[in-house]
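One structure is given here, and the rest of the page talks about it.
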Amino acid sequence: MQRAPALALARAELAGRQALAQVELSKRAPDLTLSVGSKRSEEAGRSQAMVGISVPLPLFDRNQGGVLESARRVDQARDELAATALRLETELALARGDFEVARRQAQSLRDDILPGAQSAYDAASTGFEYGKFGFLDVLDAQRTLLQAQTLHLNALADAHRALAAIDRILGEDHE
């Protein structure tokens with residue numbers, strides 16, 4: 001479950017929002033500016049080297065709005081990650097349940113119903129050949145056999161759909 005694509009996407013979103021929060025936190029500290037240059041003095045007839053430092057004082061703007069907004073976005077991303085994990089766990093549990101039901105149904109049809117339907121059809125066909133059963137009895141046995149085969153194939157299809165849903169949730173590819 002930890003490798004699920006939806007969870008990876010939610011984790012990446014959380015990491016991105018945490019990085020933005022760090023950027024907003026770094027904006028609270030003022031940026032120092034260093035200036036270096038020269039100045040030509042006409043009176044003295046020479047050039048003077050000048051060095052300057054500028055330190056803005058964050059008396060009123062400490063980027064509190066940006067920090068608060070980024071913290072809210074990180075919280076929102078955490079909530080989205082938790083919601084995604086819960087949604088995926090629920091979907092996975094449902095898909096596993098669907099798979100198990102379909103698998104058991106297909107197995108029961110294959111082991112119990114299909115052999116009995118095949119046996120009834122074979123007996124009706126043989127009895128018709130010997131004149132013991134009518135043609136409608138053979139058709140009825142054949143219809144029952146075809147219905148059982150159809151149910152078996154539908155159960156197998158349901159099992160494969162559930163398995164595909166499990167693979168989609170987990171981000172796996174079973175070929």
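Order determines the names: the first chain of the structure tokens is A, the second B, and so forth; residues in each chain are numbered 1 upward, and ligands are numbered 1 upward as they are shown.
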
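The residues of range 13-174 of chain A that DSSP classifies as strand (DSSP E or B), using the backbone of this structure, are Thr33, Leu34, Ser35, Val36, Gly37, Ser38, Lys39, Arg40, Ser41, Arg46, Ser47, Gln48, Ala49, Met50, Val51, Gly52, Ile53 and Ser54 of chain A.
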
Checklist entry - So which bits of chain A end up alpha helix (DSSP H) when you DSSP the backbone, as a PyMOL selection string? => result chain A and resi 5-26+64-108+114-129+135-170

Written selection (C-alpha atoms) as a compact mmCIF listing (two decimals), in the first residue's frame:
# COMPACT_ATOMS: atom_id res chain seq x y z
CA PRO A 5 0.66 5.96 -6.85
CA ALA A 6 -2.07 8.05 -5.23
CA LEU A 7 -0.19 8.01 -1.91
CA ALA A 8 3.08 8.89 -3.62
CA LEU A 9 1.38 11.85 -5.27
CA ALA A 10 -0.09 13.03 -1.95
CA ARG A 11 3.34 12.66 -0.27
CA ALA A 12 4.98 14.70 -3.04
CA GLU A 13 2.35 17.43 -2.61
CA LEU A 14 3.02 17.48 1.14
CA ALA A 15 6.78 17.72 0.58
CA GLY A 16 6.29 20.59 -1.86
CA ARG A 17 4.11 22.51 0.57
CA GLN A 18 6.59 21.91 3.38
CA ALA A 19 9.36 23.32 1.18
CA LEU A 20 7.24 26.40 0.47
CA ALA A 21 6.66 26.80 4.20
CA GLN A 22 10.42 26.78 4.75
CA VAL A 23 10.79 29.48 2.11
CA GLU A 24 8.16 31.61 3.85
CA LEU A 25 9.93 31.10 7.19
CA SER A 26 13.21 32.22 5.65
CA GLN A 64 3.50 36.53 9.46
CA GLY A 65 0.76 36.27 6.83
CA GLY A 66 2.91 34.20 4.46
CA VAL A 67 4.10 31.93 7.27
CA LEU A 68 0.56 31.38 8.53
CA GLU A 69 -0.76 30.68 5.03
CA SER A 70 2.02 28.21 4.28
CA ALA A 71 1.43 26.46 7.62
CA ARG A 72 -2.26 26.11 6.75
CA ARG A 73 -1.37 24.67 3.35
CA VAL A 74 0.96 22.13 4.97
CA ASP A 75 -1.85 21.13 7.34
CA GLN A 76 -4.20 20.82 4.37
CA ALA A 77 -1.70 18.62 2.53
CA ARG A 78 -1.34 16.40 5.62
CA ASP A 79 -5.12 16.06 5.81
CA GLU A 80 -5.28 15.21 2.11
CA LEU A 81 -2.59 12.56 2.58
CA ALA A 82 -4.51 10.99 5.46
CA ALA A 83 -7.77 11.11 3.48
CA THR A 84 -6.08 9.52 0.46
CA ALA A 85 -4.64 6.73 2.60
CA LEU A 86 -8.03 6.07 4.17
CA ARG A 87 -9.80 6.12 0.79
CA LEU A 88 -7.26 3.70 -0.69
CA GLU A 89 -7.52 1.34 2.27
CA THR A 90 -11.30 1.31 1.89
CA GLU A 91 -11.13 0.76 -1.87
CA LEU A 92 -8.56 -2.00 -1.37
CA ALA A 93 -10.67 -3.75 1.25
CA LEU A 94 -13.73 -3.60 -1.01
CA ALA A 95 -11.79 -4.87 -4.03
CA ARG A 96 -10.30 -7.73 -2.00
CA GLY A 97 -13.76 -8.64 -0.75
CA ASP A 98 -15.16 -8.56 -4.29
CA PHE A 99 -12.28 -10.73 -5.48
CA GLU A 100 -12.77 -13.28 -2.73
CA VAL A 101 -16.54 -13.51 -3.36
CA ALA A 102 -16.05 -13.89 -7.11
CA ARG A 103 -13.27 -16.45 -6.64
CA ARG A 104 -15.37 -18.56 -4.29
CA GLN A 105 -18.38 -18.33 -6.59
CA ALA A 106 -16.31 -19.38 -9.63
CA GLN A 107 -14.76 -22.25 -7.67
CA SER A 108 -18.15 -23.43 -6.43
CA LEU A 114 -20.91 -27.43 -13.76
CA PRO A 115 -20.19 -31.17 -13.31
CA GLY A 116 -23.80 -31.78 -12.27
CA ALA A 117 -25.19 -29.76 -15.18
CA GLN A 118 -22.84 -31.52 -17.61
CA SER A 119 -23.86 -34.91 -16.21
CA ALA A 120 -27.56 -34.03 -16.52
CA TYR A 121 -27.07 -32.90 -20.12
CA ASP A 122 -25.11 -36.05 -21.00
CA ALA A 123 -27.79 -38.24 -19.39
CA ALA A 124 -30.59 -36.40 -21.21
CA SER A 125 -28.75 -36.68 -24.54
CA THR A 126 -28.10 -40.40 -24.03
CA GLY A 127 -31.69 -40.96 -22.85
CA PHE A 128 -32.99 -39.11 -25.92
CA GLU A 129 -30.91 -41.35 -28.18
CA PHE A 135 -36.28 -33.38 -27.09
CA LEU A 136 -37.53 -30.70 -24.70
CA ASP A 137 -35.79 -32.50 -21.83
CA VAL A 138 -32.50 -32.36 -23.74
CA LEU A 139 -33.01 -28.66 -24.53
CA ASP A 140 -33.80 -27.93 -20.88
CA ALA A 141 -30.65 -29.74 -19.71
CA GLN A 142 -28.61 -27.92 -22.36
CA ARG A 143 -30.05 -24.54 -21.28
CA THR A 144 -29.21 -25.32 -17.65
CA LEU A 145 -25.64 -26.27 -18.61
CA LEU A 146 -25.19 -23.08 -20.69
CA GLN A 147 -26.55 -20.92 -17.86
CA ALA A 148 -24.13 -22.54 -15.42
CA GLN A 149 -21.24 -21.95 -17.84
CA THR A 150 -22.31 -18.34 -18.27
CA LEU A 151 -22.45 -17.84 -14.51
CA HIS A 152 -19.00 -19.41 -14.19
CA LEU A 153 -17.55 -17.09 -16.85
CA ASN A 154 -19.22 -14.07 -15.24
CA ALA A 155 -17.74 -15.02 -11.87
CA LEU A 156 -14.29 -15.36 -13.46
CA ALA A 157 -14.71 -11.97 -15.13
CA ASP A 158 -15.74 -10.41 -11.81
CA ALA A 159 -12.66 -11.92 -10.15
CA HIS A 160 -10.40 -10.51 -12.85
CA ARG A 161 -12.04 -7.07 -12.58
CA ALA A 162 -11.51 -7.10 -8.81
CA LEU A 163 -7.89 -8.16 -9.27
CA ALA A 164 -7.40 -5.34 -11.79
CA ALA A 165 -8.87 -2.89 -9.28
CA ILE A 166 -6.43 -4.16 -6.64
CA ASP A 167 -3.53 -3.74 -9.06
CA ARG A 168 -4.71 -0.22 -9.94
CA ILE A 169 -4.91 0.80 -6.29
CA LEU A 170 -1.51 -0.66 -5.46

Next on the checklist: Please determine, counting only C-alpha atoms, which residue among A:Gly134, A:Gln2, A:Glu172, A:Ser54 has the shortest atom-to-atom distance to Ser35 in chain A.
Outcome noted: A:Ser54
